[in-house]
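First the structure, in the form of structure tokens, and then the observations on it.
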Amino acid sequence: MTAGLRRHLRIVGYVIGSLRRRWRKNAAVVGVYGLVIFTLASVVFLTQSLTQESVASLQSSPEIMVQRLSAGRHGLSPVTDAGALTQIAGVGAVAPRRWAYLTDPATGETLLLRVAEGGRLREHEATAGAEVLRRRGLAVGGTLSLRGDAGEPLALTITGVAATSTPLEAAALITVSETAFRALSGMPDGQAMDLALRVRNRRELPTIAAKIGESHPATRPIIRDDLVRTYTALFNWRSGVIVASLLVPVLAFILFAWDKAAGLSPDERREIGILKAVGWETADVILLKCYEAATVSLAAFVLGAGLAIAVLVLPRPPAVLPVLLGWSTLYPSFRPAPALGAYQVATLFFLTVFPYLVATVVPAWRAGTTDPDLVMRG
Amino acid sequence: MIELRDVTKIFNAGQPNEFAAVRDVSLTLDGRGAVAITGPSGSGKTTLLSLIACMARPTSGRITVDGETISSLPERFLTEIRRRAFGFIFQQFNLIRGLSARENVMLPAYPTGAPLGRIRGEAARLLDRLGLASKADVRVEWLSGGEAQRVAIARALINNPSVVVADEPTAHLDTALSKDFMEIMRGLRDEGRTLIFASHDPLVYESDLIQRVVRMRDGRVLDAGGQP
């Protein structure tokens, strides 16, 4: 082992002892600092989870969806529109999509109703997302009771668990036969919620969308990538609003950190003076304070970020979830899958750990460059 | 050999409260033995001691240690010389509270990168020599004044310096403890170390241990040598 490495080890050993000696102060800093990081991390991680959830939900969507506008709002699309759209150059296939939102009077939840592909379900059969079944205490073979569009009760036998790609889908999806779908949604025959277009060349998406807009002015073509961007921007915006509302506690912490870290206590100043006087270099003192600050800030980061991750996977949704989602009743209660991007973690790390390191090391450097003879004067 | 040529130290230079703690001091401390710097409070003893022991740089003038000019050295090299050549015993002892006697003694050796076993062994040997073996693991704030000073002496010796510097070493000790301290210093002198004290206590500068007394007043050396 080299002398340089041993010197580092001795300083690290001293840091451990120093943190232990001031454990009350350090525990208080880690606690408050961790709480601030936890709050910020919760918003950042939850935003990332929701964004990922929405993007994943859209992955199975068609490249272009065409909605019919009625009185300026989304209306039902005649299935016959599909023929005209197929004629547009570059369009591969057009399929009417039959889906609807359905409020379950028993639970008050909003469900997503779809027609099962390939007509594989009979009139009184259904499949449902795993979370839909769990919350109703149902299993395969059980009966799901819903209310039809005209108010009549409709009992459906669960024949299987619907394949879903996201927790949101698993908490909302019910697939039924076309007959049951009409009865539940009230959607007339020959109508669909929208039309799904497959396009041969992805680079032509904007051109095709523009052509549809021109040739079918009563429709609204929606490109999937635009939708992904909109969702991402929406969640980032909401996240930004929450982070902005957290500015006051964050600033309070920065002041607290500055007071505790920047304003070295007389004891700490004296200790630095003694170390210098007995032969420690300024670089040794800075290294000591760097290690101390790094330990405190890393502990707070692990505590705060760890708690934020724990909250994401806990059974009760965090209070901030409705704020990020919006207050739309279209969303069922669901747990977003934790999604931690390296970029988010790195940003959070840089924004929380780095300022504390600077706030600690700069005054230590200033104290470290003081002549040690001042210590001799007591 | 330590040599000072026209050394001046001004504090708060350019400020309304500017004052010269040491003025135009020229002094040569040669060979081994014990030197006492004495004078009334505010005479510049402690500042001169700081300058001699590389704790501070002079505002003007030149200081050499064994022929090497140290007054213009960068901080890093000055620290290296201070750590290698000088051991300090402060008036207030300046031990770090919360650490044990052993840990305080070991502190100056950490930046040297010496193996931990060797540092621990040397600390144990010094504490044993000063009668503190049983107090090695006791936190320093629980030690008596005399014990705390002996810990400070052990700390001053951990890097085996050739010069031991003590600032008002008996200021917080009664007569018996002061005499004990001087006996410990006698042992160090007999080992061949140079001792430099700043003190206005006759128990120190009138001791038969002292071979030379430097008298100061108002930052100037009035008498650079000779017996009291």
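In the structure tokens, chains take the letters A, B, ... in the order shown, each chain's residues start at 1, and ligands count up from 1 in the order shown.
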Per residue of chain A within 6 Å of chain B, record the nearest atom pair and its distance in Å to one decimal, counting only C-alpha atoms, with rows in chain order and ascending residue number, as CSV.
residue,atom,partner,partner_atom,distance
A:Ala3,CA,B:Gly113,CA,4.3
A:Gly4,CA,B:Gly113,CA,6.0
A:Arg6,CA,B:Gly113,CA,4.9
A:Arg7,CA,B:Gly113,CA,4.2
A:Arg10,CA,B:Tyr110,CA,5.6
A:Val278,CA,B:Pro108,CA,5.2
A:Gly279,CA,B:Arg83,CA,4.6
A:Asp371,CA,B:Ala56,CA,5.8
A:Pro372,CA,B:Met55,CA,5.7
A:Asp373,CA,B:Met55,CA,5.2
A:Met376,CA,B:Phe90,CA,5.9
With a distance cut-off of 6 Å and only C-alpha atoms, select the neighbouring residues of B:Val213, excluding the residue or stretch itself and same-chain residues fewer than 5 positions from it, and output the selection as number ranges by chain.
-> B: 35-37, 225
Would you please extract all strand (DSSP E) residues from stretch 122-200 of chain A, as assigned by DSSP on the backbone, and give them as a PDB file with C-alpha atoms, in the first residue's frame?
ATOM      1  CA  GLU A 125     -68.621 -13.789 -21.856  1.00  0.00           C
ATOM      2  CA  ALA A 126     -65.873 -11.329 -20.931  1.00  0.00           C
ATOM      3  CA  THR A 127     -62.230 -11.140 -20.022  1.00  0.00           C
ATOM      4  CA  ALA A 128     -60.899  -8.495 -17.624  1.00  0.00           C
ATOM      5  CA  THR A 143     -69.797 -13.315 -12.932  1.00  0.00           C
ATOM      6  CA  LEU A 144     -69.198  -9.652 -13.648  1.00  0.00           C
ATOM      7  CA  SER A 145     -72.361  -7.610 -13.305  1.00  0.00           C
ATOM      8  CA  LEU A 146     -72.575  -4.426 -15.327  1.00  0.00           C
ATOM      9  CA  ARG A 147     -75.363  -2.135 -16.442  1.00  0.00           C
ATOM     10  CA  PRO A 153     -78.408  -5.375 -15.844  1.00  0.00           C
ATOM     11  CA  LEU A 154     -75.941  -7.478 -17.802  1.00  0.00           C
ATOM     12  CA  ALA A 155     -74.170 -10.479 -16.283  1.00  0.00           C
ATOM     13  CA  LEU A 156     -70.960 -11.580 -17.991  1.00  0.00           C
ATOM     14  CA  THR A 157     -69.047 -14.765 -17.241  1.00  0.00           C
ATOM     15  CA  ILE A 158     -65.321 -14.225 -16.877  1.00  0.00           C
ATOM     16  CA  THR A 159     -63.554 -16.635 -19.212  1.00  0.00           C
ATOM     17  CA  GLY A 160     -60.021 -15.403 -18.735  1.00  0.00           C
ATOM     18  CA  VAL A 161     -57.666 -12.621 -17.687  1.00  0.00           C
ATOM     19  CA  LEU A 173     -59.760  -3.183 -19.295  1.00  0.00           C
ATOM     20  CA  ILE A 174     -62.773  -5.402 -20.011  1.00  0.00           C
ATOM     21  CA  THR A 175     -63.119  -7.168 -23.362  1.00  0.00           C
ATOM     22  CA  VAL A 176     -66.513  -8.403 -24.480  1.00  0.00           C
ATOM     23  CA  GLN A 191     -70.114   3.198 -35.916  1.00  0.00           C
ATOM     24  CA  ALA A 192     -66.737   3.054 -34.193  1.00  0.00           C
ATOM     25  CA  ASP A 194     -62.219   5.997 -34.237  1.00  0.00           C
ATOM     26  CA  LEU A 195     -60.346   4.516 -37.168  1.00  0.00           C
ATOM     27  CA  ALA A 196     -56.849   3.052 -36.832  1.00  0.00           C
ATOM     28  CA  LEU A 197     -54.466   3.483 -39.730  1.00  0.00           C
ATOM     29  CA  ARG A 198     -51.336   1.456 -40.424  1.00  0.00           C
ATOM     30  CA  VAL A 199     -48.815   3.291 -42.548  1.00  0.00           C
TER      31      VAL A 199
END
Could you give me, as a ChimeraX atom specification, the residues within 10 Å of stretch 84-98 of chain A, counting only C-alpha atoms and dropping anything in the same chain fewer than 2 positions from it?
-> /A:62,64-66,76-82,100,113-116,178,181-182,185,187,190-202,204-205,207-208,211-212,215-216
Distance query B:Glu122 at most 10 Å, only C-alpha atoms, self and fewer than 3 positions along chain excluded, as a PyMOL selection string = chain B and resi 105-106+109+116-119+125-128+154+157-160
Output C-alpha atoms for every residue in that selection, as a PDB file, in the first residue's frame.
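Printed below is out_34.pdb as written:
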ATOM      1  CA  VAL B 105      -1.480  11.910  19.740  1.00  0.00           C
ATOM      2  CA  MET B 106      -1.748  10.111  16.392  1.00  0.00           C
ATOM      3  CA  ALA B 109       1.170  11.427  11.786  1.00  0.00           C
ATOM      4  CA  LEU B 116      -1.225   2.634  11.067  1.00  0.00           C
ATOM      5  CA  GLY B 117       0.524  -0.035  13.137  1.00  0.00           C
ATOM      6  CA  ARG B 118       3.652   2.058  13.342  1.00  0.00           C
ATOM      7  CA  ILE B 119       1.705   5.199  14.311  1.00  0.00           C
ATOM      8  CA  ARG B 125       5.247   4.252  23.495  1.00  0.00           C
ATOM      9  CA  LEU B 126       4.986   8.023  24.020  1.00  0.00           C
ATOM     10  CA  LEU B 127       1.905   7.781  26.235  1.00  0.00           C
ATOM     11  CA  ASP B 128       3.618   5.095  28.276  1.00  0.00           C
ATOM     12  CA  ALA B 154       3.133  13.218  23.214  1.00  0.00           C
ATOM     13  CA  LEU B 157       6.672  14.166  19.586  1.00  0.00           C
ATOM     14  CA  ILE B 158       4.773  11.708  17.365  1.00  0.00           C
ATOM     15  CA  ASN B 159       6.648  12.688  14.182  1.00  0.00           C
ATOM     16  CA  ASN B 160       9.981  12.683  16.051  1.00  0.00           C
TER      17      ASN B 160
END
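Taking atom CA of A:Ile274 and atom CA of A:Gly368 as endpoints, the distance between them is 10.2 Å.
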So which bits of stretch 50-203 of chain B end up alpha helix (DSSP H) when you DSSP the backbone, as a ChimeraX atom specification?
-> /B:50-52,75-85,101-106,116-129,145-157,175-190,202-203
What's the 12 Å shell around A:Ser265, counting only C-alpha atoms, without same-chain residues fewer than 6 positions away, as a count of residues only?
-> 10
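Rounded to one decimal, atom CA of A:Asp226 and atom CA of A:Gly75 lie 20.4 Å from each other.
Put simply, atom CA of A:Ser61 is 11.6 Å away from atom CA of A:Ser165.
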Minimum-distance residue to A:Thr164, chosen among A:Gly129, A:Pro188, A:Gly148, A:Gly118 (using only C-alpha atoms) =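 With only C-alpha atoms as the atom set, the closest residue is A:Gly129.
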Close residues, stretch 194-211 of chain B itself excluded, 9 Å, only C-alpha atoms, min 6 positions apart in chain, as a PyMOL selection string | chain B and resi 31-41+45-46+48-49+162-171+175+178-179+182-183+185-186+188+225-228
